[in-house]
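Right, one structure below, let's go through it.
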Amino acid sequence: MTNAADEHRTVAGVFTERVRGVRPEAWDHPAPVEGWVARDVVRHLVEWFPGFLKAGAGVDLPQGPSVDEDPVKAWTVHSDGVQSLLDDPGTADRTLSNPHIGEIPLDQAVDRFYTADVFMHTWDLARASGQDERLDPDRCGWMLEGMLPLDEVLRASGQYGPRVEVPDTADVQTRLLAFIGRHP
């Protein structure tokens, strides 16, 4: 596996392509997360993560316009800020502290909690906006493999819906999406 900065560059790059590919009228199309529209997928990512970083590591990310005003610019400013943080050599020496996860190197926390979230929400935005929904199958495989043993913990967190049943023969992307509660 590559380092956290490279992972984010790759994953956020694909998400950025989807953000830029949303037609103006599609920002209000329903997303696969109940009660969300396409712009809410972007809103989720640009709103939860800055507070997580600030509280756990004292990091302030740059703020762009609101997602309602300009979802593309809101995402771009946010994503560029995260990338700058990860590209900073000093980040590897910093720690994020959180009462639920303890202390973890900052770059690993970004990779594990945020970049993984961006990856999974790429499908949500693509589905909502009628774009290419394919996710990297290798990344789907190792994410699913890492999440399966944590099934009960993940469900208890409230961050994932009930697992959707799919055939064992389903491709790895379908199995990952079903595991996190999506209806692929």
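Chain identifiers are assigned as A, B, and so on, following the order in which chains appear in the structure tokens; residues are numbered from 1 within each chain, and ligands are numbered from 1 in order of appearance.
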
Contacts of segment 107-117 of chain A at 6 Å (only C-alpha atoms; same-chain gap of 4+ positions) as a list in words: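 Answer for this query is Ala4, His8 and Ala92 of chain A.
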
May I have the selected residues written with C-alpha atoms, as a short mmCIF file (atom, residue, chain, number, x, y, z; two decimals), in the first residue's frame?
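The file below, part21.cif, is the result:
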```cif
data_model
loop_
_atom_site.label_atom_id
_atom_site.label_comp_id
_atom_site.auth_asym_id
_atom_site.auth_seq_id
_atom_site.Cartn_x
_atom_site.Cartn_y
_atom_site.Cartn_z
CA ALA A 4 -1.56 8.36 3.25
CA HIS A 8 -5.70 10.61 -0.58
CA ALA A 92 3.72 12.07 10.03
#
```

Strand (DSSP E) per DSSP on the backbone: members of chain A, as a list in words: Thr95, Leu96, Ser97, Asn98, Gly102, Glu103, Ile104 and Pro105 of chain A

Go ahead and write the selection's residues with all heavy atoms as a short mmCIF file (atom, residue, chain, number, x, y, z; two decimals), in the first residue's frame.
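Dumped to again_15.cif:
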```
data_model
loop_
_atom_site.label_atom_id
_atom_site.label_comp_id
_atom_site.auth_asym_id
_atom_site.auth_seq_id
_atom_site.Cartn_x
_atom_site.Cartn_y
_atom_site.Cartn_z
N THR A 95 0.06 13.62 16.09
CA THR A 95 -0.87 12.62 16.60
C THR A 95 -2.28 13.20 16.65
O THR A 95 -2.45 14.38 16.96
CB THR A 95 -0.45 12.18 18.02
OG1 THR A 95 0.87 11.64 17.95
CG2 THR A 95 -1.38 11.14 18.59
N LEU A 96 -3.25 12.36 16.39
CA LEU A 96 -4.65 12.72 16.59
C LEU A 96 -5.13 11.96 17.82
O LEU A 96 -4.86 10.78 17.96
CB LEU A 96 -5.49 12.35 15.37
CG LEU A 96 -6.97 12.73 15.51
CD1 LEU A 96 -7.42 13.49 14.28
CD2 LEU A 96 -7.84 11.52 15.74
N SER A 97 -5.79 12.67 18.70
CA SER A 97 -6.31 12.06 19.92
C SER A 97 -7.83 12.15 19.91
O SER A 97 -8.39 13.21 19.66
CB SER A 97 -5.74 12.79 21.14
OG SER A 97 -6.22 12.21 22.32
N ASN A 98 -8.47 11.01 20.16
CA ASN A 98 -9.92 10.95 20.13
C ASN A 98 -10.37 9.97 21.20
O ASN A 98 -9.78 8.89 21.33
CB ASN A 98 -10.38 10.48 18.73
CG ASN A 98 -11.86 10.38 18.60
OD1 ASN A 98 -12.47 9.45 19.10
ND2 ASN A 98 -12.46 11.34 17.90
N GLY A 102 -8.53 6.58 20.71
CA GLY A 102 -7.25 6.78 21.38
C GLY A 102 -6.35 7.70 20.58
O GLY A 102 -6.82 8.58 19.87
N GLU A 103 -5.04 7.48 20.70
CA GLU A 103 -4.08 8.29 19.97
C GLU A 103 -3.57 7.50 18.78
O GLU A 103 -3.23 6.31 18.90
CB GLU A 103 -2.93 8.69 20.89
CG GLU A 103 -3.39 9.65 21.95
CD GLU A 103 -2.26 10.47 22.55
OE1 GLU A 103 -1.10 10.30 22.14
OE2 GLU A 103 -2.58 11.30 23.42
N ILE A 104 -3.51 8.18 17.65
CA ILE A 104 -3.10 7.54 16.40
C ILE A 104 -2.31 8.57 15.59
O ILE A 104 -2.64 9.76 15.65
CB ILE A 104 -4.34 7.01 15.64
CG1 ILE A 104 -3.95 6.27 14.37
CG2 ILE A 104 -5.31 8.11 15.33
CD1 ILE A 104 -5.13 5.52 13.73
N PRO A 105 -1.28 8.14 14.87
CA PRO A 105 -0.57 9.09 14.02
C PRO A 105 -1.56 9.81 13.10
O PRO A 105 -2.47 9.18 12.53
CB PRO A 105 0.42 8.23 13.24
CG PRO A 105 0.66 7.05 14.15
CD PRO A 105 -0.68 6.80 14.81
#
```

Which residue out of A:Leu150, A:Gly130, A:Glu47, A:Thr76 has the minimum interatomic distance to His29 of chain A when only C-alpha atoms are used? A:Gly130

Using DSSP on the backbone coordinates, identify the residues of segment 3-164 of chain A assigned to alpha helix (DSSP H); present them as a PyMOL selection string. chain A and resi 4-21+38-57+71-87+106-109+116-129+137-147+151-156

Go through segment 67-162 of chain A residue by residue and, counting only C-alpha atoms, keep those with an atom at most 12 Å from segment 31-35 of chain A; for each kept residue give the shortest atom pair and its distance in Å to one decimal, ordered by chain and increasing number, as a tab-separated table.
```
residue	atom	partner	partner_atom	distance
A:Met120	CA	A:Pro32	CA	11.4
A:His121	CA	A:Val33	CA	9.5
A:Thr122	CA	A:Ala31	CA	11.0
A:Trp123	CA	A:Pro32	CA	8.8
A:Asp124	CA	A:Pro32	CA	5.7
A:Leu125	CA	A:Ala31	CA	6.8
A:Ala126	CA	A:Ala31	CA	8.8
A:Arg127	CA	A:Ala31	CA	6.8
A:Ala128	CA	A:Ala31	CA	4.5
A:Ser129	CA	A:Ala31	CA	8.1
A:Gly130	CA	A:Ala31	CA	10.3
A:Gln159	CA	A:Val33	CA	10.9
A:Tyr160	CA	A:Val33	CA	9.9
A:Gly161	CA	A:Val33	CA	9.0
```

My list of candidates is A:Leu53, A:Gly181, A:Pro62, A:Ala26. Which is closest to Thr91 of chain A when distances are computed with only C-alpha atoms? A:Leu53

Please provide as a list of chain:residue names all residues within 12 Å of Lys73 of chain A, with the sequence filter that same-chain residues fewer than 6 positions apart are discarded (counting only C-alpha atoms). A:Thr16, A:Val19, A:Arg20, A:Arg39, A:Val42, A:Arg43, A:Val46, A:Pro62, A:Gln63, A:Gly64, A:Pro65, A:Ser66, A:Val67, A:Ser79, A:Asp80

Writing out the chosen residues with N, CA and C atoms as a short mmCIF file (atom, residue, chain, number, x, y, z; two decimals), in the first residue's frame:
```
data_model
loop_
_atom_site.label_atom_id
_atom_site.label_comp_id
_atom_site.auth_asym_id
_atom_site.auth_seq_id
_atom_site.Cartn_x
_atom_site.Cartn_y
_atom_site.Cartn_z
N THR A 16 -13.09 14.03 -6.94
CA THR A 16 -13.09 15.35 -7.58
C THR A 16 -13.63 15.26 -9.01
N VAL A 19 -17.31 15.08 -8.65
CA VAL A 19 -17.85 16.39 -8.25
C VAL A 19 -17.93 17.30 -9.47
N ARG A 20 -16.86 17.36 -10.24
CA ARG A 20 -16.84 18.24 -11.42
C ARG A 20 -17.78 17.75 -12.52
N ARG A 39 -25.67 16.96 -3.34
CA ARG A 39 -24.84 17.96 -2.67
C ARG A 39 -24.59 17.60 -1.20
N VAL A 42 -21.26 15.75 -0.68
CA VAL A 42 -20.13 16.68 -0.54
C VAL A 42 -20.21 17.38 0.82
N ARG A 43 -21.39 17.81 1.20
CA ARG A 43 -21.56 18.50 2.49
C ARG A 43 -21.04 17.64 3.64
N VAL A 46 -17.14 17.69 3.68
CA VAL A 46 -16.49 18.97 4.02
C VAL A 46 -16.91 19.50 5.39
N PRO A 62 -8.50 24.98 5.56
CA PRO A 62 -9.07 26.16 4.89
C PRO A 62 -10.55 25.93 4.62
N GLN A 63 -11.32 26.99 4.66
CA GLN A 63 -12.75 26.88 4.38
C GLN A 63 -13.08 27.57 3.07
N GLY A 64 -13.83 26.88 2.26
CA GLY A 64 -14.30 27.45 1.01
C GLY A 64 -15.72 27.96 1.19
N PRO A 65 -16.39 28.19 0.08
CA PRO A 65 -17.79 28.62 0.16
C PRO A 65 -18.66 27.48 0.68
N SER A 66 -19.89 27.78 1.01
CA SER A 66 -20.80 26.73 1.46
C SER A 66 -21.11 25.78 0.30
N VAL A 67 -21.47 24.58 0.64
CA VAL A 67 -21.83 23.59 -0.37
C VAL A 67 -23.08 24.04 -1.12
N SER A 79 -10.60 19.60 -0.16
CA SER A 79 -9.73 18.51 -0.59
C SER A 79 -8.28 18.97 -0.72
N ASP A 80 -8.09 20.15 -1.29
CA ASP A 80 -6.73 20.69 -1.40
C ASP A 80 -6.10 20.92 -0.02
#
```

Residue with smallest distance to Arg175 of chain A - pool A:Pro149, A:Gly141, A:Phe15, A:Pro162, counting only C-alpha atoms: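 The shortest atom-to-atom distance to Arg175 of chain A comes from A:Gly141.
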
Between atom CA of Asp138 of chain A and atom CA of Val11 of chain A, what is the distance in Å, rounded to a tenth?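 One can read the atom CA of Asp138 of chain A to atom CA of Val11 of chain A distance as 12.6 Å.
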